[in-house]
Each structure stands twice: as C-alpha cells, then as structure tokens.
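Student: The structure file data32.txt (compact mmCIF, C-alpha atoms) is provided below.
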```txt
# COMPACT_ATOMS: atom_id res chain seq x y z
CA MET W 20 0.00 0.00 0.00
CA LYS W 21 2.83 2.41 0.90
CA SER W 22 4.68 1.69 -2.33
CA HIS W 23 1.53 2.46 -4.33
CA ARG W 24 1.11 5.77 -2.51
CA ALA W 25 4.81 6.59 -2.98
CA ARG W 26 4.51 5.95 -6.73
CA LEU W 27 1.46 8.20 -6.91
CA VAL W 28 3.31 11.02 -5.13
CA PHE W 29 6.31 10.49 -7.42
CA ILE W 30 4.10 10.67 -10.54
CA ILE W 31 2.41 13.84 -9.30
CA ILE W 32 5.77 15.46 -8.60
CA VAL W 33 7.28 14.42 -11.93
CA LEU W 34 4.28 15.29 -14.11
CA ILE W 35 2.51 18.15 -12.34
CA PHE W 36 5.38 20.13 -10.80
CA PRO W 37 7.02 21.03 -14.16
CA LEU W 38 3.67 22.29 -15.43
CA LEU W 39 3.29 24.53 -12.38
CA MET W 40 6.80 25.85 -12.87
CA VAL W 41 6.08 26.77 -16.51
CA GLY W 42 2.97 28.64 -15.44
CA GLY W 43 4.96 30.46 -12.77
CA ALA W 44 7.64 31.46 -15.25
CA THR W 45 5.01 32.93 -17.55
CA ALA W 46 3.54 34.99 -14.73
CA GLN W 47 7.00 36.32 -13.84
CA ASN W 48 7.83 37.21 -17.44
CA PRO W 49 4.77 38.99 -18.81
CA GLN W 50 4.47 39.71 -22.49
CA THR W 51 5.44 43.30 -23.25
CA VAL W 52 3.57 45.61 -25.58
CA LEU W 53 4.76 48.89 -27.05
CA VAL W 54 1.85 51.15 -28.05
CA LEU W 55 2.96 53.73 -30.58
CA PRO W 56 1.10 56.99 -31.24
CA PHE W 57 -1.41 56.54 -34.06
CA ASN W 58 -0.91 58.55 -37.26
CA ILE W 59 -3.75 61.05 -37.57
CA TYR W 60 -4.95 62.32 -40.90
CA SER W 61 -7.41 65.17 -40.52
CA GLU W 62 -7.98 68.75 -41.57
CA LYS W 63 -8.41 69.63 -37.88
CA ASP W 64 -5.69 69.26 -35.26
CA LEU W 65 -6.63 66.03 -33.48
CA SER W 66 -3.19 65.26 -32.11
CA PHE W 67 -4.69 65.09 -28.59
CA LEU W 68 -6.20 61.76 -29.66
CA GLN W 69 -2.74 60.21 -29.85
CA ASN W 70 -2.33 60.32 -26.06
CA GLY W 71 -5.97 59.36 -25.50
CA ILE W 72 -5.66 56.27 -27.68
CA ARG W 73 -2.41 55.26 -25.98
CA ASP W 74 -4.04 55.64 -22.55
CA MET W 75 -7.13 53.67 -23.61
CA LEU W 76 -5.08 50.82 -25.06
CA SER W 77 -2.78 50.75 -22.04
CA SER W 78 -5.66 50.34 -19.63
CA ARG W 79 -7.51 47.81 -21.79
CA LEU W 80 -4.59 45.56 -22.75
CA SER W 81 -2.51 45.41 -19.59
CA GLN W 82 -3.01 42.52 -17.18
CA GLU W 83 -0.88 42.18 -14.07
CA GLY W 84 1.64 39.41 -14.36
CA LYS W 85 0.66 38.56 -17.95
CA VAL W 86 0.71 41.64 -20.19
CA ARG W 87 2.81 44.71 -19.44
CA LEU W 88 2.75 47.85 -21.52
CA LEU W 89 6.00 49.72 -21.89
CA GLY W 90 5.90 53.22 -20.45
CA ARG W 91 5.69 56.45 -22.36
CA ASP W 92 9.40 57.08 -21.89
CA ALA W 93 10.17 53.95 -23.92
CA VAL W 94 7.69 55.04 -26.59
CA ASP W 95 8.94 58.63 -26.74
CA GLU W 96 12.54 57.45 -26.88
CA ALA W 97 11.70 54.97 -29.64
CA MET W 98 9.78 57.61 -31.59
CA ALA W 99 12.46 60.34 -31.29
CA ALA W 100 13.52 60.19 -34.95
CA THR W 101 10.27 58.97 -36.51
CA ALA W 102 7.31 61.02 -37.70
CA GLU W 103 5.00 58.42 -39.22
CA VAL W 104 4.85 54.73 -38.44
CA ASN W 105 4.48 51.84 -40.86
CA GLU W 106 4.95 48.11 -40.24
CA GLY W 107 8.70 48.12 -40.82
CA ILE W 108 9.30 51.09 -38.54
CA ALA W 109 6.96 49.65 -35.89
CA ALA W 110 8.87 46.35 -35.94
CA ASP W 111 12.22 48.12 -35.62
CA LEU W 112 10.96 50.28 -32.75
CA GLY W 113 9.54 47.23 -30.98
CA ARG W 114 12.80 45.32 -31.29
CA ALA W 115 14.78 48.33 -30.03
CA ALA W 116 12.46 48.67 -27.02
CA GLY W 117 12.60 44.92 -26.25
CA ALA W 118 8.84 44.47 -26.78
CA ASP W 119 7.07 41.24 -27.68
CA TYR W 120 4.34 43.14 -29.56
CA VAL W 121 3.91 46.59 -31.07
CA VAL W 122 0.56 48.31 -31.56
CA PHE W 123 0.29 51.03 -34.18
CA GLY W 124 -2.29 52.46 -36.51
CA SER W 125 -4.00 55.49 -37.94
CA LEU W 126 -7.14 57.56 -37.76
CA THR W 127 -8.47 59.22 -40.85
CA VAL W 128 -11.13 61.91 -40.43
CA PHE W 129 -12.90 63.26 -43.48
CA GLY W 130 -15.81 65.53 -42.60
CA ASP W 131 -17.87 63.63 -40.04
CA ASN W 132 -16.57 60.23 -41.15
CA ILE W 133 -13.80 58.46 -39.29
CA SER W 134 -11.76 55.41 -40.16
CA THR W 135 -9.64 53.55 -37.60
CA ASP W 136 -6.94 51.17 -38.75
CA ALA W 137 -4.88 49.35 -36.12
CA ARG W 138 -2.35 46.54 -36.02
CA MET W 139 -0.61 44.49 -33.44
CA TYR W 140 2.74 43.28 -34.71
CA ASN W 141 4.33 40.15 -33.21
CA ILE W 142 8.07 40.82 -32.91
CA GLY W 143 9.00 37.17 -32.28
CA GLU W 144 7.19 35.88 -35.34
CA SER W 145 7.91 38.93 -37.53
CA ASN W 146 4.31 39.30 -38.68
CA SER W 147 1.06 41.06 -37.95
CA ALA W 148 -0.57 39.16 -35.14
CA PHE W 149 -3.80 41.03 -35.55
CA THR W 150 -5.28 43.70 -37.83
CA PHE W 151 -8.38 45.81 -37.29
CA TYR W 152 -10.41 48.23 -39.37
CA ASP W 153 -13.60 50.12 -38.51
CA THR W 154 -15.46 53.18 -39.72
CA GLY W 155 -17.96 55.55 -38.21
CA GLU W 156 -19.97 58.63 -38.98
CA ASP W 157 -18.89 60.63 -35.94
CA PRO W 158 -15.35 61.36 -34.73
CA GLY W 159 -16.47 60.18 -31.28
CA ASP W 160 -16.76 56.67 -32.72
CA VAL W 161 -13.01 56.29 -32.24
CA ILE W 162 -13.68 55.31 -28.61
CA SER W 163 -15.84 52.35 -29.60
CA HIS W 164 -13.31 51.43 -32.32
CA ILE W 165 -10.46 51.30 -29.79
CA ASN W 166 -12.63 49.35 -27.34
CA ARG W 167 -13.44 46.73 -30.01
CA PHE W 168 -9.81 46.55 -31.11
CA ALA W 169 -8.59 46.00 -27.53
CA SER W 170 -11.31 43.45 -26.84
CA ARG W 171 -10.43 41.44 -29.94
CA VAL W 172 -6.67 41.61 -29.22
CA ASN W 173 -7.31 40.37 -25.68
CA ALA W 174 -9.40 37.48 -27.00
CA GLU W 175 -7.41 36.52 -30.10
CA VAL W 176 -3.82 37.33 -29.12
CA PHE W 177 -3.79 36.97 -25.31
CA ASN W 178 -6.58 34.35 -25.07
CA ARG W 179 -8.51 36.39 -22.52
CA LYS W 180 -12.25 36.21 -22.32
CA PRO W 181 -14.13 39.47 -21.94
CA ALA W 182 -15.16 40.34 -18.40
CA PRO W 183 -18.80 39.57 -17.70
CA LYS W 184 -21.04 42.59 -17.78
CA THR W 185 -22.15 43.70 -14.37
CA ALA W 186 -25.77 44.33 -13.53
CA SER W 187 -26.87 47.93 -13.50
CA THR W 188 -27.41 49.50 -10.10
CA THR W 189 -30.11 51.74 -11.50
CA PRO W 190 -33.53 50.35 -10.64
CA GLY W 191 -35.52 49.25 -13.66
CA PRO W 192 -39.21 50.03 -14.20
CA GLU W 193 -40.25 46.89 -12.35
CA MET W 194 -38.48 48.11 -9.21
CA ALA W 195 -39.92 51.64 -9.18
```
What does the file become when written as structure tokens?
Tutor:
Amino acid sequence: MKSHRARLVFIIIVLIFPLLMVGGATAQNPQTVLVLPFNIYSEKDLSFLQNGIRDMLSSRLSQEGKVRLLGRDAVDEAMAATAEVNEGIAADLGRAAGADYVVFGSLTVFGDNISTDARMYNIGESNSAFTFYDTGEDPGDVISHINRFASRVNAEVFNRKPAPKTASTTPGPEMA
C-alpha cells in the first residue's frame, strides 16, 4: 500500500510540478507591448487623440503578471527620430524597445466620417498578429473602435475572455 502511494506522489511530482513551474515562469515574465502613437490624418488638429488612444489601449490591454505595456518614456525614446509609423518602422521600434508586440495604426477623419486602422505586430514571429479596421460617422466613434480593437486583441492574441457585464445598479421600471 505504501509503495503504491509513494509511486502516486512520485508521478504527481514528476508530471505536475514542471507544469506549475512553466505557469509560474510565464507569470513572472509577462508579455510586453509597445503602443505607438497613431498617425492622424485630418484637416483639424486632433493630435490630442494620440495620447488618448495610448491611454485607452494601455488600460484595456494590460493585465498584471501577464501583459505589461512599456511606459511612455520607452515610446517617446523609440519615436524620437520617426514622424509616421508603418509596419517596418513599428517592428524596428519594438525590437529596439525589447517588446514582444507593437501596436500602431492610424485615424483618418474626413468631414464627419472616421476610419480607424490598427495593427498588433508580433516581434518574435515577424508578422502582424492582428489587424483591425472600422469606420464611423462621428469622430467620437473612435472610442468604440479602440474598445473593439482592444477586446479582440485580448481574445485573439492573449486568449482572454471578456469580463462579464455587471448588472446595473439603477432600478428598472419593475423596481420603481
């Protein structure tokens, strides 16, 4: 009986312990993402959106222990000699910053219409891990575009399920 139990403990240690160690290593070495300022094409000065988009993506993509976004200093340093970003420049900037992924894109505003194009480039695989495109009829639609982009990146690149929606605290008609 004791030898059977000893074998079972041995099997658990040999098979399960390495799996736990791999999971622990992943948590200690989160994937890093460099979010570059989006190129903005508009008749109006909408450069303020560059920081807003970076902030939105930072808060929506980061996950403690799993996904870490590089700080603005890394981005500003990487962008020092670059005006507009394309895939090649984004990849070079990501490699220089030591990132696993680089996010970049553009907003095009023509009248009341807006187009958002975004990409997440995988440095390790040297390819676009994810591309996104959306249009709207109001410049304010950029917020929903960025939300959808971040949600899809979380699901398709980082294998994260969206958080369940919480119930509203506002009483409905049946409670009034």
Student: Find, counting only C-alpha atoms, the residue in W:Lys180, W:Arg87, W:Arg138, W:Arg114 that gets nearest to W:Phe57.
Tutor: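 Selected residue with least distance to W:Phe57: W:Arg138.
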Student: Can you check which parts of stretch 72-132 of chain W lie within 10 Å of stretch 153-163 of chain W? Per residue, the shortest pair of atoms and distance in Å to one decimal, counting only C-alpha atoms, sorted by chain and number, as CSV.
Tutor:
```
residue,atom,partner,partner_atom,distance
W:Ile72,CA,W:Ile162,CA,8.1
W:Met75,CA,W:Ile162,CA,8.4
W:Leu126,CA,W:Val161,CA,8.2
W:Thr127,CA,W:Thr154,CA,9.3
W:Val128,CA,W:Pro158,CA,7.1
W:Phe129,CA,W:Pro158,CA,9.3
W:Gly130,CA,W:Asp157,CA,8.8
W:Asp131,CA,W:Asp157,CA,5.2
W:Asn132,CA,W:Glu156,CA,4.3
```
Student: Rank W:Thr51, W:Asn70, W:Asn58, W:Ser77 by their smallest atom-to-atom distance to W:Phe123, using only C-alpha atoms, and report the top residue only.
Tutor: W:Asn58
Student: Suppose you want the space between atom CA of W:Gln69 and atom CA of W:Glu144; what is it in Å?
Tutor: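 Interatomic distance, atom CA of W:Gln69 to atom CA of W:Glu144: 26.8 Å.
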Student: Kindly give the distance, in Å, that separates atom CA of W:Ala148 and atom CA of W:Ala99, rounded to a single decimal.
Tutor: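 According to the coordinates, atom CA of W:Ala148 and atom CA of W:Ala99 are separated by 25.2 Å.
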Student: Quote the spacing between atom CA of W:Ala137 and atom CA of W:Glu83 in Å to one decimal place.
Tutor: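 Between atom CA of W:Ala137 and atom CA of W:Glu83 the gap works out to 23.5 Å.
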Student: For stretch 160-170 of chain W, take all atoms listed in the file, fit an axis-aligned box around them, add 8 Å to each of the six sides, then output centre and edge lengths in Å rounded to one decimal, as AutoDock Vina command-line options.
Tutor:
```
--center_x -12.7 --center_y 50.1 --center_z -29.8 --size_x 24.2 --size_y 29.2 --size_z 21.9
```
Student: Name the residues in contact with W:Ser81 at a cut-off of 12 Å, using all atoms listed in the file, excluding same-chain residues fewer than 6 positions from it; report them as a PyMOL selection string.
Tutor: chain W and resi 49-54+73-75+87-90+169-170+172-173+177+179
Student: Check the smallest atom-to-atom distance from each of W:Ile142, W:Leu55, W:Val86, W:Leu68 to W:Asn178 using only C-alpha atoms, then report the winner.
Tutor: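 With only C-alpha atoms as the atom set, the closest residue is W:Val86.
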Student: Starting from the point (4.9, 41.2, -36.1), work out which residues of protein, DNA or RNA have an atom no more than 12 Å away when counting all atoms listed in the file; state them as a PyMOL selection string.
Tutor: chain W and resi 52-53+105-114+118-123+138-150+176
Student: Find the spatial neighbours of W:Tyr152, counting only C-alpha atoms, within a cut-off of 9 Å - ignore same-chain residues fewer than 4 positions away - and output them as JSON, numbers by chain.
Tutor: {"W": [134, 135, 136, 137, 138, 164, 168]}
